[in-house]
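Reproduced below: start_23.cif, with mmCIF, C-alpha atoms.
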```cif
data_query
loop_
_atom_site.label_atom_id
_atom_site.label_comp_id
_atom_site.auth_asym_id
_atom_site.auth_seq_id
_atom_site.Cartn_x
_atom_site.Cartn_y
_atom_site.Cartn_z
CA MET A 1 -2.39 0.51 28.39
CA ASN A 2 -1.11 4.05 28.68
CA GLN A 3 -3.15 7.20 27.99
CA LYS A 4 -1.73 7.64 24.52
CA ASP A 5 -2.54 4.06 23.48
CA ASN A 6 -6.02 4.43 24.92
CA LYS A 7 -6.95 7.58 23.01
CA PHE A 8 -9.42 5.79 20.71
CA SER A 9 -11.15 3.86 23.50
CA ARG A 10 -11.87 6.59 26.07
CA ILE A 11 -15.42 6.87 24.81
CA LYS A 12 -18.18 4.39 24.19
CA GLN A 13 -17.73 3.73 20.49
CA LYS A 14 -19.06 1.14 18.10
CA LYS A 15 -16.51 -0.44 15.83
CA LEU A 16 -15.87 1.11 12.44
CA ARG A 17 -17.11 -1.42 9.89
CA LEU A 18 -14.64 -1.99 7.05
CA PHE A 19 -15.13 -3.55 3.63
CA GLU A 20 -11.76 -4.25 2.03
CA ALA A 21 -11.72 -4.53 -1.78
CA PHE A 22 -8.73 -5.55 -3.92
CA ALA A 23 -7.58 -6.74 -0.52
CA GLY A 24 -4.20 -8.36 -1.15
CA TYR A 25 -2.70 -9.09 2.27
CA GLY A 26 -5.22 -6.77 3.94
CA GLY A 27 -3.31 -3.49 4.02
CA ALA A 28 -6.24 -1.50 5.38
CA SER A 29 -6.84 -3.97 8.21
CA PHE A 30 -3.15 -4.06 9.13
CA ALA A 31 -3.00 -0.25 9.02
CA LEU A 32 -6.09 0.22 11.19
CA ARG A 33 -4.61 -2.12 13.79
CA LYS A 34 -1.74 0.34 14.15
CA THR A 35 -4.10 3.23 14.91
CA ASN A 36 -6.04 1.75 17.85
CA ILE A 37 -9.27 2.81 16.11
CA PRO A 38 -11.84 0.12 17.02
CA PHE A 39 -12.91 -1.63 13.81
CA GLU A 40 -14.18 -4.86 12.37
CA THR A 41 -13.76 -6.07 8.80
CA ILE A 42 -17.17 -7.26 7.62
CA GLY A 43 -15.94 -8.58 4.29
CA PHE A 44 -13.25 -8.54 1.64
CA SER A 45 -12.99 -8.95 -2.12
CA GLU A 46 -10.02 -10.47 -3.94
CA ASN A 47 -9.77 -12.72 -7.01
CA ASP A 48 -6.15 -13.91 -6.80
CA LYS A 49 -6.13 -17.32 -5.09
CA PHE A 50 -2.74 -16.76 -3.45
CA ALA A 51 -3.81 -13.36 -2.12
CA VAL A 52 -7.03 -14.89 -0.79
CA GLU A 53 -5.04 -17.60 1.02
CA LEU A 54 -2.69 -15.00 2.51
CA TYR A 55 -5.57 -12.75 3.56
CA LYS A 56 -7.49 -15.56 5.24
CA ARG A 57 -4.41 -16.70 7.14
CA ASN A 58 -3.90 -13.20 8.56
CA HIS A 59 -7.55 -12.16 8.97
CA PRO A 60 -9.44 -15.35 9.83
CA GLY A 61 -13.20 -15.37 9.87
CA VAL A 62 -13.73 -12.40 7.50
CA ALA A 63 -16.41 -13.05 4.88
CA ASP A 64 -14.98 -13.63 1.39
CA PHE A 65 -17.06 -11.97 -1.37
CA GLY A 66 -14.72 -13.03 -4.19
CA ASP A 67 -14.39 -11.24 -7.54
CA ILE A 68 -15.62 -7.65 -7.19
CA THR A 69 -17.18 -7.70 -10.67
CA LYS A 70 -19.55 -10.45 -9.53
CA ILE A 71 -20.64 -8.95 -6.20
CA ASP A 72 -24.25 -7.94 -5.69
CA PRO A 73 -23.99 -4.98 -3.27
CA LYS A 74 -27.22 -6.08 -1.59
CA ASP A 75 -25.40 -9.19 -0.37
CA ILE A 76 -22.86 -7.15 1.62
CA PRO A 77 -23.72 -6.09 5.20
CA ASP A 78 -23.70 -2.34 5.78
CA PHE A 79 -20.26 -0.84 6.33
CA ASP A 80 -18.77 2.57 7.15
CA LEU A 81 -15.44 2.44 5.32
CA PHE A 82 -14.65 1.11 1.84
CA THR A 83 -10.98 0.69 0.96
CA GLY A 84 -9.30 -0.42 -2.22
CA GLY A 85 -5.97 -0.28 -3.95
CA PHE A 86 -7.56 -0.97 -7.33
CA PRO A 87 -5.23 -2.48 -9.95
CA CYS A 88 -2.42 -0.08 -10.80
CA GLN A 89 -0.88 -1.78 -13.86
CA PRO A 90 -3.00 0.17 -16.37
CA PHE A 91 -1.60 3.46 -15.02
CA SER A 92 1.94 2.42 -14.12
CA GLN A 93 5.20 3.60 -15.70
CA VAL A 94 6.55 0.07 -15.62
CA GLY A 95 3.35 -1.41 -17.03
CA LEU A 96 1.91 -0.89 -20.50
CA GLY A 97 0.11 2.27 -19.42
CA LYS A 98 -3.11 1.49 -21.30
CA GLY A 99 -5.34 3.00 -18.61
CA GLU A 100 -9.02 2.43 -19.25
CA GLU A 101 -8.16 0.51 -22.44
CA ASP A 102 -6.95 -2.23 -20.07
CA THR A 103 -9.97 -4.01 -18.58
CA ARG A 104 -8.33 -3.83 -15.13
CA GLY A 105 -8.46 -0.05 -15.48
CA THR A 106 -12.25 -0.13 -15.49
CA LEU A 107 -12.58 -1.86 -12.12
CA PHE A 108 -13.15 1.48 -10.41
CA TYR A 109 -16.65 1.31 -11.93
CA ASP A 110 -17.30 -1.62 -9.60
CA ILE A 111 -16.21 0.59 -6.70
CA ILE A 112 -18.75 3.17 -7.84
CA ARG A 113 -21.41 0.48 -8.30
CA ILE A 114 -20.97 -0.93 -4.80
CA CYS A 115 -20.49 2.37 -2.98
CA GLY A 116 -23.40 3.91 -4.87
CA THR A 117 -25.67 1.30 -3.32
CA LYS A 118 -24.10 0.96 0.14
CA LYS A 119 -23.19 4.65 0.62
CA PRO A 120 -20.41 4.17 3.21
CA LYS A 121 -19.43 7.33 5.08
CA HIS A 122 -15.77 6.94 4.13
CA ILE A 123 -13.95 5.69 1.01
CA LEU A 124 -10.16 5.44 0.78
CA LEU A 125 -8.60 4.43 -2.54
CA GLU A 126 -4.97 4.13 -3.64
CA ASN A 127 -3.20 3.95 -6.98
CA VAL A 128 0.12 4.71 -8.64
CA ARG A 129 1.47 8.15 -9.46
CA GLY A 130 0.61 7.58 -13.12
CA LEU A 131 -3.05 8.20 -12.36
CA LYS A 132 -2.18 11.91 -11.99
CA THR A 133 -0.29 12.20 -15.28
CA ASN A 134 -1.73 14.00 -18.29
CA LYS A 135 -2.20 10.65 -20.02
CA HIS A 136 -4.51 9.28 -17.32
CA GLY A 137 -5.78 12.52 -15.80
CA LYS A 138 -9.22 12.09 -17.35
CA THR A 139 -9.59 8.78 -15.52
CA LEU A 140 -8.89 10.51 -12.22
CA GLU A 141 -11.31 13.28 -13.14
CA THR A 142 -13.96 10.64 -13.86
CA ILE A 143 -13.41 8.96 -10.49
CA VAL A 144 -13.69 12.27 -8.62
CA SER A 145 -16.69 13.36 -10.68
CA LYS A 146 -18.63 10.15 -10.10
CA LEU A 147 -17.93 10.18 -6.37
CA THR A 148 -18.97 13.83 -6.17
CA LYS A 149 -22.26 13.14 -7.97
CA MET A 150 -22.95 10.43 -5.36
CA GLY A 151 -22.72 13.05 -2.60
CA TYR A 152 -19.07 12.66 -1.59
CA ASP A 153 -16.57 15.40 -0.84
CA VAL A 154 -13.33 14.19 -2.45
CA VAL A 155 -9.67 14.96 -1.67
CA VAL A 156 -6.70 13.66 -3.69
CA GLU A 157 -3.08 13.64 -2.48
CA LEU A 158 0.17 12.29 -3.88
CA LEU A 159 2.14 10.89 -0.93
CA ASN A 160 5.55 9.21 -0.80
CA SER A 161 6.54 6.57 1.77
CA LYS A 162 10.02 8.08 2.13
CA ASN A 163 8.46 11.16 3.76
CA TYR A 164 6.79 9.09 6.49
CA GLY A 165 9.49 6.96 8.04
CA ILE A 166 9.93 4.19 5.45
CA PRO A 167 13.04 4.36 3.22
CA GLN A 168 11.24 3.55 -0.02
CA ASN A 169 10.66 5.97 -2.90
CA ARG A 170 7.01 4.96 -3.26
CA ASP A 171 4.74 7.66 -4.70
CA ARG A 172 1.07 6.79 -4.49
CA VAL A 173 -2.14 8.67 -5.23
CA TRP A 174 -4.56 8.54 -2.29
CA ILE A 175 -8.23 9.39 -2.86
CA TYR A 176 -10.40 10.05 0.18
CA ALA A 177 -14.15 10.52 -0.19
CA TYR A 178 -16.45 11.60 2.64
CA LEU A 179 -20.23 11.35 2.38
CA GLY A 180 -21.17 14.94 3.16
CA SER A 181 -19.03 18.06 3.45
CA LEU A 182 -15.51 18.04 4.81
CA PRO A 183 -14.25 20.91 6.98
CA LEU A 184 -12.71 23.66 4.86
CA THR A 185 -9.46 23.10 6.76
CA PHE A 186 -9.39 19.35 6.03
CA ASP A 187 -5.95 18.09 5.01
CA LEU A 188 -5.39 14.49 3.90
CA GLN A 189 -1.61 14.79 4.09
CA PRO A 190 -0.18 13.63 7.45
CA PRO A 191 2.73 15.56 8.99
CA GLN A 192 5.94 14.47 7.35
CA GLN A 193 8.64 12.66 9.33
CA PRO A 194 12.37 12.74 8.54
CA LEU A 195 13.87 9.30 8.03
CA ASP A 196 15.66 7.78 10.98
CA VAL A 197 15.78 4.29 9.44
CA PHE A 198 17.51 3.76 6.11
CA PHE A 199 17.75 1.06 3.45
CA LYS A 200 20.72 -0.72 5.02
CA ASP A 201 18.93 -0.80 8.40
CA LEU A 202 16.06 -2.88 6.98
CA LEU A 203 18.25 -5.50 5.31
CA ASP A 204 18.72 -9.03 6.62
CA LYS A 205 21.72 -9.26 8.94
CA ASP A 206 22.79 -12.56 7.38
CA PRO A 207 21.17 -12.77 3.94
CA ASP A 208 20.62 -16.18 2.37
CA GLU A 209 23.42 -16.97 -0.07
CA GLU A 210 20.84 -18.22 -2.55
CA LEU A 211 19.73 -14.61 -3.06
CA PHE A 212 23.14 -13.63 -4.46
CA LYS A 213 23.96 -13.60 -8.15
CA ASP A 214 27.02 -15.53 -9.29
CA GLN A 215 29.94 -13.64 -10.81
CA GLN A 216 28.87 -14.42 -14.37
CA GLN A 217 25.42 -12.99 -13.68
CA VAL A 218 26.96 -9.90 -12.07
CA GLU A 219 29.16 -9.35 -15.12
CA ARG A 220 26.08 -9.55 -17.28
CA LEU A 221 24.35 -6.93 -15.11
CA LYS A 222 27.44 -4.69 -15.43
CA GLU A 223 27.27 -5.02 -19.20
CA LEU A 224 23.54 -4.33 -19.40
CA TYR A 225 23.33 -1.44 -16.94
CA LYS A 226 26.84 0.12 -17.14
CA LEU A 227 27.33 -0.10 -13.35
CA ASP A 228 30.44 -1.21 -11.45
CA PHE A 229 28.54 -2.46 -8.36
CA ILE A 230 31.24 -1.23 -5.99
CA VAL A 231 29.87 0.33 -2.78
CA ASN A 232 31.11 1.09 0.72
CA GLU A 233 27.86 0.06 2.42
CA PRO A 234 24.82 -2.00 1.38
CA SER A 235 22.89 0.05 -1.17
CA CYS A 236 19.98 -0.17 -3.56
CA ALA A 237 20.71 -0.76 -7.24
CA ASP A 238 18.00 0.93 -9.29
CA LEU A 239 18.31 -0.98 -12.55
CA TYR A 240 15.28 0.80 -13.98
CA ASN A 241 17.24 4.10 -13.90
CA LYS A 242 20.66 2.43 -14.24
CA THR A 243 22.08 3.81 -11.01
CA ILE A 244 23.10 2.83 -7.50
CA ARG A 245 21.32 5.01 -4.98
CA ASN A 246 23.46 6.80 -2.40
CA ASP A 247 20.57 8.32 -0.41
CA GLY A 248 19.81 5.29 1.76
CA ILE A 249 16.43 4.76 0.08
CA SER A 250 15.02 1.87 -1.93
CA ILE A 251 13.35 2.25 -5.27
CA THR A 252 9.65 1.43 -5.40
CA ILE A 253 9.07 -2.22 -4.58
CA LEU A 254 8.25 -3.95 -7.88
CA GLU A 255 6.91 -7.36 -8.79
CA PRO A 256 9.73 -9.92 -9.26
CA HIS A 257 9.21 -10.28 -13.02
CA HIS A 258 10.36 -6.67 -13.54
CA ASN A 259 13.88 -7.62 -12.36
CA LYS A 260 14.78 -3.99 -11.69
CA MET A 261 15.79 -3.88 -8.00
CA ARG A 262 18.88 -5.33 -6.36
CA VAL A 263 20.84 -5.04 -3.13
CA VAL A 264 24.55 -4.30 -3.61
CA HIS A 265 26.99 -5.18 -0.82
CA PRO A 266 30.65 -4.12 -0.53
CA PRO A 267 32.98 -6.52 -2.41
CA LYS A 268 34.17 -9.53 -0.42
CA ASN A 269 37.35 -11.50 -1.15
CA GLY A 270 37.66 -9.60 -4.41
CA LYS A 271 34.17 -10.59 -5.57
CA LEU A 272 31.24 -8.31 -6.29
CA ARG A 273 28.14 -8.95 -4.16
CA VAL A 274 24.76 -8.34 -5.80
CA ARG A 275 21.51 -10.02 -4.80
CA LYS A 276 17.73 -10.00 -4.83
CA TYR A 277 15.74 -8.54 -1.94
CA SER A 278 14.58 -11.20 0.54
CA ILE A 279 10.90 -11.71 1.31
CA ALA A 280 11.33 -10.16 4.76
CA GLU A 281 13.03 -7.10 3.25
CA HIS A 282 10.12 -6.58 0.87
CA PHE A 283 7.69 -6.49 3.79
CA ARG A 284 9.86 -4.34 6.07
CA LEU A 285 9.89 -1.79 3.27
CA MET A 286 6.07 -1.95 3.28
CA GLY A 287 5.93 -0.96 6.95
CA PHE A 288 5.81 -4.41 8.56
CA LYS A 289 7.77 -5.52 11.58
CA ASP A 290 9.22 -9.03 11.53
CA GLY A 291 6.57 -11.54 12.53
CA GLU A 292 3.70 -9.10 12.00
CA ILE A 293 2.42 -10.99 8.96
CA ASP A 294 2.01 -14.74 8.51
CA PHE A 295 3.44 -15.64 5.10
CA ALA A 296 1.12 -18.68 4.84
CA ASP A 297 3.99 -20.88 3.62
CA GLN A 298 3.89 -19.20 0.21
CA GLY A 299 6.84 -18.90 -2.16
CA TYR A 300 9.10 -16.01 -3.07
CA ASN A 301 7.35 -14.82 -6.23
CA GLN A 302 3.85 -14.79 -4.76
CA LEU A 303 4.82 -13.03 -1.53
CA CYS A 304 6.95 -10.43 -3.28
CA LYS A 305 4.12 -9.80 -5.73
CA ARG A 306 1.79 -9.14 -2.77
CA ALA A 307 4.27 -6.66 -1.30
CA ALA A 308 4.69 -4.83 -4.61
CA ASN A 309 0.94 -4.41 -5.02
CA GLY A 310 0.08 -3.82 -1.35
CA TRP A 311 -0.29 -0.80 0.89
CA ASP A 312 2.56 0.64 2.92
CA ILE A 313 0.80 -0.02 6.21
CA ASN A 314 2.89 2.57 8.03
CA LEU A 315 1.74 5.37 5.70
CA ALA A 316 -1.84 4.04 5.51
CA SER A 317 -2.09 4.06 9.32
CA ARG A 318 -0.94 7.69 9.37
CA ILE A 319 -3.55 8.57 6.75
CA PHE A 320 -6.30 6.95 8.83
CA LYS A 321 -5.17 8.89 11.90
CA GLN A 322 -5.08 12.08 9.85
CA ILE A 323 -8.63 11.50 8.60
CA PHE A 324 -10.20 10.57 11.91
CA LYS A 325 -8.63 13.33 13.93
CA GLN A 326 -10.45 15.77 11.62
CA VAL A 327 -13.61 13.89 10.73
CA GLU A 328 -15.94 12.31 13.25
CA ALA A 329 -16.38 8.60 12.56
CA VAL A 330 -19.90 7.73 11.42
CA THR A 331 -20.26 5.22 14.25
CA VAL A 332 -19.73 7.85 16.96
CA ARG A 333 -22.67 9.92 18.18
CA ALA A 334 -20.87 12.32 20.53
CA LYS A 335 -17.68 14.17 19.71
CA PRO A 336 -14.84 11.67 20.29
CA ALA A 337 -12.27 12.49 22.93
CA TYR A 338 -9.47 11.88 20.42
CA LEU A 339 -10.70 14.84 18.33
CA ALA A 340 -10.36 17.22 21.28
#
```
Just give me the structure as structure tokens.
Amino acid sequence: MNQKDNKFSRIKQKKLRLFEAFAGYGGASFALRKTNIPFETIGFSENDKFAVELYKRNHPGVADFGDITKIDPKDIPDFDLFTGGFPCQPFSQVGLGKGEEDTRGTLFYDIIRICGTKKPKHILLENVRGLKTNKHGKTLETIVSKLTKMGYDVVVELLNSKNYGIPQNRDRVWIYAYLGSLPLTFDLQPPQQPLDVFFKDLLDKDPDEELFKDQQQVERLKELYKLDFIVNEPSCADLYNKTIRNDGISITILEPHHNKMRVVHPPKNGKLRVRKYSIAEHFRLMGFKDGEIDFADQGYNQLCKRAANGWDINLASRIFKQIFKQVEAVTVRAKPAYLA
């Protein structure tokens, strides 16, 4: 292990204890692995049976606390870091946008309920851009206000994956809460990184023919979206905005039922080539390397749903690094060497 890789282990440090709520495939755990910050996940909460199966396959031995609304905080061991990408559909442009009128939009009260009892030093939450709109701004204000009243210093940032090395236009609201007072110079936003990998670079080299639409289906797409589907290189068709992107970036990964994202290839033998994203492409666009996640033998719809609702683990790892280079981890008594 070289000096750079060893930067989080040059001191005697207890492991950061993580509780992962709304866990999905375990985005926080995957992201922390990329940082070399010593940690252990003491429990997770998830109520989707397919997500639970996927999580357990990739993070064996972690205690399963089930539905967050049914958790008694006293049953959870103490932890230092609470993470959660609480359900985004109530605040999403492509959802119904009901906010707190949607019962899923009230699940942040369970975050408050659990963290109010356990008082972890760190809380990191994630949601869609819609949480910062005028329509749902009061919900965000409520979240910040309740965390503040519990003794947390709260920072909110809107960050986009395309600014951090992943060619996906994925805007997400990140909420970081620290029990105590943050340094006045604290900045949640990691340094931006120009893209050196683009949409076409993350596509399968030999995509499965079953992903492609037949010519009748392509003609129907042309009729519906007024697009000719003629490109010089593999590109992203943004059916939501009725355009083919020429910037080498994917639209936000969406659940399959939205049917709004396609890969367009140059015509071949006079035929247009339009297809769905593969499972592997979904996960590459969420920061995963091939083989980094075990798909647990699940099907297309379930895995692509997990990707759409998960954390970009590349960006999340950068956020963790950004936090812990400025804020001393609660488990460390002396000033860590990596903060020097």
Q: Work out how far atom CA of A:Val264 is from atom CA of A:Gln216, in Å to one decimal.
A: 15.4 Å
Q.
Counting all atoms listed in the file, which residues have an atom no more than 12 Å from (-27.9, -9.1, -4.5) in the file's coordinates? Please list them as a PyMOL selection string.
A. chain A and resi 65+70-77+114+117-118
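In this structure, atom CA of A:Thr69 sits 19.8 Å away from atom CA of A:Thr41.
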Q.
What's around A:Phe229 at 10 Å? Count only C-alpha atoms, leave out sequence neighbours fewer than 4 positions away in its own chain, and write the answer as a ChimeraX atom specification.
A. /A:218-219,221-222,235,237,243-244,263-267,272-274
Assuming the chain letters and numbering stay as they are in my file, what does the PyMOL selection byres ((chain A and resi 161) around 9) actually select? List them as a CSV table (one decimal) with C-alpha atoms, in the coordinates of the input.
```csv
chain,number,residue,atom,x,y,z
A,159,LEU,CA,2.1,10.9,-0.9
A,160,ASN,CA,5.6,9.2,-0.8
A,162,LYS,CA,10.0,8.1,2.1
A,163,ASN,CA,8.5,11.2,3.8
A,164,TYR,CA,6.8,9.1,6.5
A,165,GLY,CA,9.5,7.0,8.0
A,166,ILE,CA,9.9,4.2,5.4
A,167,PRO,CA,13.0,4.4,3.2
A,168,GLN,CA,11.2,3.6,0.0
A,169,ASN,CA,10.7,6.0,-2.9
A,170,ARG,CA,7.0,5.0,-3.3
A,171,ASP,CA,4.7,7.7,-4.7
A,172,ARG,CA,1.1,6.8,-4.5
A,286,MET,CA,6.1,-2.0,3.3
A,312,ASP,CA,2.6,0.6,2.9
A,314,ASN,CA,2.9,2.6,8.0
A,315,LEU,CA,1.7,5.4,5.7
```
Q: Name the residues that the PyMOL selection byres ((chain A and resi 27) around 7) pulls out of this structure, and write them as a VMD selection string.
A: chain A and resid 25 to 26 28 to 31 310 to 311 313
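Closest to A:Val173 among A:Lys226, A:Gly116, A:Asn241, A:Gly85 is A:Gly85, based on all atoms listed in the file.
With distances restricted to only C-alpha atoms, A:Lys305 is the closest residue to A:Pro256 from A:Lys305, A:Lys132, A:Arg220, A:Lys289.
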Would you be able to write out as a PDB file with C-alpha atoms, in the frame of the given file which residues have an atom within 12 Å of (-4.6, -17.7, -0.2) in the file's coordinates, counting all atoms listed in the file?
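Saved as out-v4.pdb:
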```pdb
ATOM      1  CA  ALA A  23      -7.580  -6.740  -0.520  1.00  0.00           C
ATOM      2  CA  GLY A  24      -4.200  -8.360  -1.150  1.00  0.00           C
ATOM      3  CA  TYR A  25      -2.700  -9.090   2.270  1.00  0.00           C
ATOM      4  CA  GLY A  26      -5.220  -6.770   3.940  1.00  0.00           C
ATOM      5  CA  GLU A  46     -10.020 -10.470  -3.940  1.00  0.00           C
ATOM      6  CA  ASN A  47      -9.770 -12.720  -7.010  1.00  0.00           C
ATOM      7  CA  ASP A  48      -6.150 -13.910  -6.800  1.00  0.00           C
ATOM      8  CA  LYS A  49      -6.130 -17.320  -5.090  1.00  0.00           C
ATOM      9  CA  PHE A  50      -2.740 -16.760  -3.450  1.00  0.00           C
ATOM     10  CA  ALA A  51      -3.810 -13.360  -2.120  1.00  0.00           C
ATOM     11  CA  VAL A  52      -7.030 -14.890  -0.790  1.00  0.00           C
ATOM     12  CA  GLU A  53      -5.040 -17.600   1.020  1.00  0.00           C
ATOM     13  CA  LEU A  54      -2.690 -15.000   2.510  1.00  0.00           C
ATOM     14  CA  TYR A  55      -5.570 -12.750   3.560  1.00  0.00           C
ATOM     15  CA  LYS A  56      -7.490 -15.560   5.240  1.00  0.00           C
ATOM     16  CA  ARG A  57      -4.410 -16.700   7.140  1.00  0.00           C
ATOM     17  CA  ASN A  58      -3.900 -13.200   8.560  1.00  0.00           C
ATOM     18  CA  HIS A  59      -7.550 -12.160   8.970  1.00  0.00           C
ATOM     19  CA  PRO A  60      -9.440 -15.350   9.830  1.00  0.00           C
ATOM     20  CA  ASP A  64     -14.980 -13.630   1.390  1.00  0.00           C
ATOM     21  CA  GLY A  66     -14.720 -13.030  -4.190  1.00  0.00           C
ATOM     22  CA  ASP A 294       2.010 -14.740   8.510  1.00  0.00           C
ATOM     23  CA  PHE A 295       3.440 -15.640   5.100  1.00  0.00           C
ATOM     24  CA  ALA A 296       1.120 -18.680   4.840  1.00  0.00           C
ATOM     25  CA  ASP A 297       3.990 -20.880   3.620  1.00  0.00           C
ATOM     26  CA  GLN A 298       3.890 -19.200   0.210  1.00  0.00           C
ATOM     27  CA  GLY A 299       6.840 -18.900  -2.160  1.00  0.00           C
ATOM     28  CA  GLN A 302       3.850 -14.790  -4.760  1.00  0.00           C
ATOM     29  CA  LEU A 303       4.820 -13.030  -1.530  1.00  0.00           C
ATOM     30  CA  ARG A 306       1.790  -9.140  -2.770  1.00  0.00           C
TER      31      ARG A 306
END
```
Q: Would you translate the PyMOL selection byres ((chain A and resi 279) around 9) into the concrete set of residues it matches in this file, as a PyMOL selection string?
A: chain A and resi 277-278+280-284+299-301+303-304+307
Q: Find the residue from A:Cys236, A:Val155, A:Leu195, A:Ala316 that sits nearest to A:Gly84; use all atoms listed in the file when measuring.
A: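 Looking at the shortest contact to A:Gly84, the residue is A:Ala316.
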**Q.** Who sits within 9 Å of A:Phe79, all atoms listed in the file, same chain under 4 positions skipped, as a VMD selection string
**A.** chain A and resid 16 to 19 41 to 42 118 to 121
(Q) Report as number ranges by chain all protein, DNA and RNA residues lying within 9 Å of A:Asp153, evaluated on all atoms listed in the file, omitting residues in the same chain fewer than 5 positions from it. (A) A: 144, 147-148, 176-182
Q.
With distances taken over all atoms listed in the file, which residue among A:Pro207, A:Ile112, A:Gln189, A:Lys260 lies nearest A:Leu224?
A.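 The answer is A:Lys260, which sits nearest to A:Leu224.
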Q | Contacts of A:Ile175 at 6 Å (only C-alpha atoms; same-chain gap of 5+ positions) as number ranges by chain | A | A: 124-125, 155-156
Q: May I ask for the distance between atom CA of A:Lys138 and atom CA of A:Gln322, given in Å to one decimal place?
A: 27.5 Å
